[in-house]
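A.B. asks: Next up, input_13.txt (compact mmCIF, C-alpha atoms).
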# COMPACT_ATOMS: atom_id res chain seq x y z
CA MET A 73 -171.06 41.76 52.63
CA ARG A 74 -168.48 39.56 50.97
CA LYS A 75 -168.29 36.13 52.56
CA ARG A 76 -165.10 34.41 53.46
CA ASP A 77 -164.76 31.61 50.93
CA THR A 78 -163.39 28.64 52.90
CA CYS A 79 -162.80 26.51 49.81
CA LYS A 80 -160.69 29.22 48.24
CA GLU A 81 -158.97 29.76 51.56
CA GLU A 82 -157.92 26.09 51.73
CA THR A 83 -156.53 26.29 48.19
CA VAL A 84 -154.58 29.40 49.13
CA LYS A 85 -153.13 27.69 52.21
CA ALA A 86 -152.14 24.56 50.32
CA LYS A 87 -150.47 26.62 47.59
CA ALA A 88 -148.76 28.82 50.18
CA ILE A 89 -147.28 25.75 51.89
CA GLU A 90 -146.02 24.43 48.57
CA MET A 91 -144.38 27.79 47.76
CA LEU A 92 -142.94 28.34 51.25
CA VAL A 93 -141.33 24.90 51.10
CA ALA A 94 -139.95 25.51 47.61
CA ASP A 95 -138.77 29.14 47.97
CA GLY A 96 -138.32 29.59 51.73
CA PHE A 97 -139.79 32.44 53.79
CA GLU A 98 -137.59 35.08 52.16
CA GLY A 99 -138.38 34.07 48.61
CA PHE A 100 -142.10 33.89 49.25
CA SER A 101 -144.25 36.77 48.02
CA MET A 102 -147.94 37.53 48.23
CA ASN A 103 -147.92 38.49 44.57
CA LYS A 104 -146.51 35.14 43.46
CA LEU A 105 -148.98 33.33 45.70
CA ALA A 106 -151.93 35.27 44.30
CA ARG A 107 -150.83 34.52 40.75
CA ALA A 108 -150.37 30.83 41.52
CA CYS A 109 -153.89 30.70 43.00
CA GLY A 110 -155.46 32.70 40.18
CA ILE A 111 -156.74 35.37 42.57
CA SER A 112 -155.87 39.03 43.03
CA VAL A 113 -153.28 40.20 45.55
CA ALA A 114 -156.01 42.40 46.99
CA THR A 115 -158.06 39.30 47.83
CA LEU A 116 -155.10 37.86 49.76
CA TYR A 117 -154.86 41.03 51.81
CA ILE A 118 -158.50 40.69 52.70
CA TYR A 119 -157.68 37.41 54.43
CA TYR A 120 -154.29 38.38 55.83
CA ARG A 121 -153.01 41.72 57.06
CA ASP A 122 -149.51 41.10 55.72
CA LYS A 123 -147.07 38.43 54.61
CA ASP A 124 -146.00 37.73 58.20
CA HIS A 125 -149.60 37.26 59.29
CA LEU A 126 -150.14 34.70 56.52
CA ILE A 127 -146.96 32.80 57.38
CA VAL A 128 -147.64 32.79 61.12
CA SER A 129 -151.33 31.79 60.70
CA ILE A 130 -150.43 28.86 58.51
CA GLY A 131 -147.60 27.87 60.84
CA ASN A 132 -149.92 27.95 63.84
CA GLU A 133 -152.59 25.91 62.14
CA LYS A 134 -150.18 23.25 60.90
CA PHE A 135 -148.31 23.07 64.19
CA LYS A 136 -151.63 22.48 65.91
CA GLU A 137 -152.52 19.70 63.47
CA MET A 138 -149.15 18.06 64.01
CA SER A 139 -149.45 18.25 67.80
CA GLU A 140 -152.91 16.71 67.64
CA SER A 141 -151.65 13.89 65.44
CA ILE A 142 -148.69 13.18 67.69
CA LEU A 143 -150.38 13.55 71.06
CA GLY A 144 -153.93 12.56 70.09
CA ASN A 145 -153.99 9.03 71.49
CA PHE A 146 -150.94 9.43 73.69
CA ASP A 147 -151.09 9.18 77.46
CA PRO A 148 -148.02 10.22 79.49
CA GLU A 149 -149.00 7.62 82.09
CA LEU A 150 -148.31 4.76 79.67
CA ASP A 151 -145.38 2.48 80.39
CA PHE A 152 -142.24 3.61 78.60
CA GLU A 153 -142.12 1.19 75.69
CA ALA A 154 -145.85 1.39 74.94
CA GLY A 155 -145.75 5.20 75.03
CA MET A 156 -142.68 5.32 72.82
CA ARG A 157 -144.26 2.92 70.35
CA ILE A 158 -147.26 5.24 69.98
CA GLN A 159 -144.95 8.23 69.59
CA TRP A 160 -142.98 6.51 66.84
CA GLU A 161 -146.14 5.36 65.09
CA ASN A 162 -147.73 8.84 65.25
CA ARG A 163 -144.62 10.71 64.17
CA TYR A 164 -143.94 8.26 61.35
CA ARG A 165 -147.54 8.42 60.07
CA PHE A 166 -147.58 12.20 60.14
CA MET A 167 -144.32 12.44 58.16
CA VAL A 168 -145.52 9.88 55.60
CA ASP A 169 -149.01 11.38 55.22
CA ARG A 170 -148.06 15.08 55.32
CA PRO A 171 -144.56 15.45 53.82
CA ALA A 172 -145.03 19.11 52.75
CA VAL A 173 -146.35 20.14 56.16
CA THR A 174 -143.49 18.27 57.82
CA ARG A 175 -140.96 20.18 55.73
CA LEU A 176 -142.73 23.47 56.43
CA LEU A 177 -142.69 22.90 60.19
CA GLU A 178 -139.00 22.06 60.00
CA GLN A 179 -138.45 25.39 58.22
CA PHE A 180 -140.27 27.14 61.05
CA ARG A 181 -138.03 25.50 63.62
CA ASN A 182 -134.96 26.85 61.82
CA SER A 183 -136.32 30.36 61.38
CA GLY A 184 -136.97 33.57 63.24
CA TYR A 185 -140.66 32.71 63.21
CA GLN A 186 -140.15 29.92 65.72
CA GLN A 187 -141.05 32.07 68.72
CA GLN A 188 -144.25 33.29 67.10
CA VAL A 189 -145.68 29.90 66.31
CA MET A 190 -147.94 28.55 69.03
CA PRO A 191 -145.86 29.18 72.13
CA GLU A 192 -148.68 27.81 74.33
CA LEU A 193 -149.04 24.67 72.27
CA ALA A 194 -145.28 24.10 72.30
CA GLU A 195 -145.45 24.45 76.07
CA ALA A 196 -148.26 21.87 76.30
CA PHE A 197 -146.23 19.53 74.11
CA LYS A 198 -143.17 19.92 76.30
CA LYS A 199 -145.27 19.36 79.41
CA THR A 200 -146.82 16.10 78.17
CA MET A 201 -143.50 14.72 76.98
CA GLY A 202 -141.82 15.95 80.17
CA ALA A 203 -144.41 14.10 82.29
CA PHE A 204 -143.91 10.95 80.22
CA ILE A 205 -140.13 10.98 80.77
CA HIS A 206 -140.55 11.84 84.43
CA ASN A 207 -142.89 8.86 84.93
CA ALA A 208 -140.48 6.52 83.16
CA VAL A 209 -137.61 7.71 85.39
CA ARG A 210 -139.75 7.44 88.52
CA ARG A 211 -140.69 3.86 87.63
CA GLY A 212 -137.01 3.06 87.03
CA GLU A 213 -137.61 2.25 83.34
CA ILE A 214 -134.96 4.70 82.10
CA GLU A 215 -132.21 6.66 83.79
CA GLU A 216 -132.46 10.36 84.42
CA MET A 217 -131.22 12.46 81.50
CA SER A 218 -131.64 15.89 79.97
CA LEU A 219 -134.52 16.50 77.58
CA GLU A 220 -132.00 16.98 74.77
CA THR A 221 -130.28 13.67 75.45
CA TYR A 222 -133.66 11.99 75.62
CA TRP A 223 -134.78 13.46 72.30
CA CYS A 224 -131.53 12.56 70.55
CA ILE A 225 -131.77 8.91 71.53
CA ALA A 226 -135.56 8.59 71.41
CA PHE A 227 -136.42 10.34 68.15
CA ALA A 228 -133.36 11.51 66.21
CA PRO A 229 -132.88 8.02 64.69
CA LEU A 230 -136.43 8.13 63.33
CA TYR A 231 -135.95 11.61 61.88
CA ALA A 232 -132.61 10.67 60.32
CA LEU A 233 -134.20 7.64 58.60
CA MET A 234 -137.12 9.77 57.42
CA ARG A 235 -134.69 12.28 55.95
CA PHE A 236 -132.97 9.52 53.97
CA HIS A 237 -136.42 8.33 52.89
CA GLU A 238 -137.45 11.77 51.74
CA GLU A 239 -134.23 12.32 49.84
CA GLY A 240 -134.49 8.82 48.43
CA ARG A 241 -130.89 8.04 49.34
CA ASN A 242 -128.82 7.28 52.40
CA MET A 243 -125.69 8.99 53.79
CA ALA A 244 -123.54 7.25 51.20
CA GLY A 245 -125.78 8.27 48.32
CA ARG A 246 -127.32 4.84 47.84
CA PRO A 247 -131.05 4.48 47.20
CA PHE A 248 -133.12 4.19 50.36
CA ARG A 249 -136.79 3.72 51.12
CA MET A 250 -138.22 3.49 54.61
CA THR A 251 -140.13 0.32 55.39
CA GLU A 252 -142.10 -0.81 58.43
CA THR A 253 -139.43 -3.47 59.02
CA THR A 254 -136.67 -0.84 59.21
CA LEU A 255 -138.89 1.37 61.35
CA TRP A 256 -139.63 -1.24 63.99
CA GLN A 257 -136.17 -2.76 63.97
CA THR A 258 -134.73 0.68 64.68
CA PHE A 259 -137.35 1.21 67.36
CA SER A 260 -136.41 -1.98 69.14
CA LEU A 261 -132.72 -0.96 69.09
CA VAL A 262 -133.64 2.42 70.55
CA MET A 263 -135.56 0.64 73.30
CA LYS A 264 -132.52 -1.53 73.99
CA ALA A 265 -130.37 1.58 74.34
CA MET A 266 -132.78 3.41 76.60
CA LYS A 267 -134.38 0.87 78.88
CA ARG A 268 -132.67 -0.24 82.01
CA MET B 195 -149.10 41.69 66.15
CA PRO B 196 -150.09 38.53 68.03
CA LEU B 197 -152.95 36.71 66.35
CA ASN B 198 -155.30 37.07 69.28
CA LYS B 199 -154.94 40.86 69.07
CA ILE B 200 -156.21 41.13 65.51
CA PRO B 201 -159.33 43.24 65.72
CA ALA B 202 -162.75 41.99 64.76
CA THR B 203 -162.77 44.37 61.79
CA MET B 204 -160.53 41.79 60.09
CA ASN B 205 -163.67 39.96 59.19
CA ASN B 206 -165.51 42.85 57.67
CA PHE B 207 -164.17 42.38 54.18
CA ASP B 208 -166.06 45.26 52.62
CA HIS B 209 -164.08 47.66 54.72
CA ILE B 210 -160.64 46.71 53.50
CA LEU B 211 -158.78 48.68 50.83
CA VAL B 212 -155.35 47.66 49.53
CA PHE B 213 -152.74 49.63 47.60
CA LYS B 214 -149.39 48.98 45.99
CA THR B 215 -146.90 51.59 47.28
CA ASP B 216 -143.20 52.39 47.52
CA LEU B 217 -143.31 52.68 51.32
CA ALA B 218 -140.27 50.46 51.60
CA SER B 219 -138.87 51.22 55.05
CA HIS B 220 -139.94 51.86 58.62
CA ARG B 221 -138.94 55.47 58.06
CA ASP B 222 -141.36 55.78 55.15
CA VAL B 223 -144.10 54.29 57.28
CA GLU B 224 -143.36 56.77 60.05
CA THR B 225 -143.62 59.59 57.53
CA ILE B 226 -147.19 58.74 56.59
CA ARG B 227 -148.23 57.63 60.09
CA PRO B 228 -149.51 61.04 61.29
CA VAL B 229 -151.40 61.54 58.02
CA LEU B 230 -153.28 58.23 58.20
CA ASP B 231 -153.70 58.30 61.98
CA ALA B 232 -155.40 61.67 61.62
CA VAL B 233 -158.19 60.23 59.46
CA THR B 234 -160.78 59.30 62.08
CA HIS B 235 -162.68 56.79 59.96
CA ILE B 236 -159.54 54.70 59.38
CA GLU B 237 -159.86 52.01 62.06
CA GLU B 238 -156.61 50.28 61.31
CA TRP B 239 -153.82 50.41 58.74
CA ASN B 240 -150.52 48.71 58.07
CA VAL B 241 -147.82 48.43 55.43
CA ASP B 242 -146.40 45.05 54.48
CA LEU B 243 -142.70 45.89 54.49
CA TYR B 244 -141.72 42.28 53.88
CA ASP B 245 -143.48 41.94 50.57
CA GLU B 246 -142.34 43.25 47.20
CA ASP B 247 -145.49 45.37 46.65
CA PHE B 248 -145.19 47.17 50.02
CA VAL B 249 -148.92 46.81 50.33
CA LEU B 250 -150.77 49.46 52.29
CA ARG B 251 -153.85 47.94 53.86
CA ILE B 252 -156.59 50.18 55.20
CA VAL B 253 -159.55 49.12 57.32
CA SER B 254 -162.24 51.76 57.15
CA PRO B 255 -165.99 51.71 56.60
CA ARG B 256 -165.90 54.95 54.61
CA ALA B 257 -162.51 55.52 52.99
CA THR B 258 -162.35 55.63 49.22
CA HIS B 259 -159.40 54.54 47.10
CA GLN B 260 -159.06 58.04 45.68
CA GLU B 261 -158.93 59.62 49.12
CA ILE B 262 -156.11 57.35 50.32
CA ILE B 263 -154.14 57.66 47.08
CA GLU B 264 -154.24 61.46 47.36
CA LEU B 265 -153.14 61.40 51.01
CA VAL B 266 -150.17 59.13 50.36
CA GLN B 267 -149.12 60.83 47.13
CA ALA B 268 -149.20 64.23 48.87
CA GLU B 269 -146.36 62.89 51.05
CA GLY B 270 -144.36 62.10 47.94
CA TYR B 271 -144.97 58.37 47.74
CA ALA B 272 -146.37 56.21 44.98
CA CYS B 273 -149.75 54.68 45.74
CA ALA B 274 -152.04 52.78 43.41
CA GLU B 275 -155.11 50.67 43.98
CA LEU B 276 -154.26 46.98 44.04
CA LYS B 277 -156.83 44.97 42.15
For the file at hand, write its structure as structure tokens.
C.D. replies:
Amino acid sequence: MRKRDTCKEETVKAKAIEMLVADGFEGFSMNKLARACGISVATLYIYYRDKDHLIVSIGNEKFKEMSESILGNFDPELDFEAGMRIQWENRYRFMVDRPAVTRLLEQFRNSGYQQQVMPELAEAFKKTMGAFIHNAVRRGEIEEMSLETYWCIAFAPLYALMRFHEEGRNMAGRPFRMTETTLWQTFSLVMKAMKR
Amino acid sequence: MPLNKIPATMNNFDHILVFKTDLASHRDVETIRPVLDAVTHIEEWNVDLYDEDFVLRIVSPRATHQEIIELVQAEGYACAELK
């Protein structure tokens, strides 16, 4: 019996991510992927039942890796600022270390595949973050607010800076690179805005 | 199909045959459905409608490429072994 070649499989996944990011889900084809990997299309269909299966499997795997990176050492019982600091650190590290995966996951969020990618994991994520906010409100560290308002104040500044960083320029088209100084200065301003 | 519903046969790579076809729509798939469903040794089959090769994927311990090609072509569709 043919054995599943995990080394080849990892190459296929890495190449698929690269192509999905470059061409989008619509422009992606199994044929192009096979050619880029130097394998036959038939081999791809041994691993995956169809294009959707490949996209959803990769999405699930990467979403899981991102969740583990972001929630790994995070405890929703932490006091607000300490918890937020870990969140910023984890999210920043993941974006710096895995830029292609970050872009891919963003594509998933803006696509019809969103519902298919790890609904249980997304639920667990929401639950942990929900508990963290709830604790902070209960302790009187922040005022009560919707999850959307929370996210927009708590994390949108980080994501906006990271977008400038990735594009290499800011909103006015001037060169920009993210630094730890900018990161933590922004963090402390976010804390000022949120904490009572 | 949700990932947890993918049958165990997925892992039996010797039993998977793939073909390039012109089964380009759900209607085309419905046309060949009774033909392929009637073959008892075909455990599972699907057509990738979202890919340019409209790949027909067959999971069967006994099917031969020739057998499947003849079945699909008899319905008026193109079908060639994908290598």
A.B. asks: Mind giving me the straight-line distance from CA of Met243 in chain A to CA of Met266 in chain A in Å, one decimal?
C.D. replies: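 The value is 24.5 Å.
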A.B. asks: Kindly assemble as CSV a list of the chain A residues that lie within 8 Å of chain B, each paired with its nearest atom pair and their distance in Å to one decimal, using all atoms listed in the file, sorted first by chain and then by ascending residue number.
C.D. replies:
residue,atom,partner,partner_atom,distance
A:Met73,CA,B:Asp208,CA,6.1
A:Arg74,CA,B:Phe207,CA,6.1
A:Lys75,CA,B:Phe207,CA,7.7
A:Ser101,CA,B:Asp245,CA,5.8
A:Met102,CA,B:Asp245,CA,6.7
A:Asn103,CA,B:Asp247,CA,7.6
A:Ser112,CA,B:Lys277,CA,6.1
A:Val113,CA,B:Lys277,CA,6.8
A:Ala114,CA,B:Lys277,CA,5.5
A:Tyr117,CA,B:Val212,CA,7.0
A:Ile118,CA,B:Phe207,CA,6.1
A:Tyr119,CA,B:Met204,CA,7.7
A:Arg121,CA,B:Arg251,CA,7.0
A:Asp122,CA,B:Asp242,CA,5.2
A:Lys123,CA,B:Asp245,CA,6.4
A:Asp124,CA,B:Tyr244,CA,7.6
A:His125,CA,B:Leu197,CA,7.8
A:Ser129,CA,B:Leu197,CA,7.7
A:Gln188,CA,B:Pro196,CA,7.9
A.B. asks: Need to verify the contact set: range 230-237 of chain B, 9 Å, all atoms listed in the file, exclusion of same-chain residues closer than 6 positions in sequence. Can you return it as a list in words?
C.D. replies: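 Listing them by chain and then by number gives Thr203, Ile252, Val253, Ser254, Pro255, Arg256, Ala257, Ile262, Leu265 and Val266 of chain B.
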A.B. asks: Which protein, DNA or RNA residues have an atom at most 6 Å from (-152.8, 56.3, 44.2), counting all atoms listed in the file? List them as a list in words.
C.D. replies: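 The residues near that point, listed by chain and number, are Ile263, Cys273 and Ala274 of chain B.
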A.B. asks: Considering all atoms listed in the file, state which residue in the set A:Phe166, A:Phe146, A:Phe97, A:Trp160 is at the smallest distance from Ala228 in chain A.
C.D. replies: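 When distances to Ala228 in chain A are compared using all atoms listed in the file, the smallest one comes from A:Trp160.
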A.B. asks: Could you tell me how far CA of Glu261 in chain B lies from CA of Arg227 in chain B, in Å and to one decimal?
C.D. replies: 15.5 Å
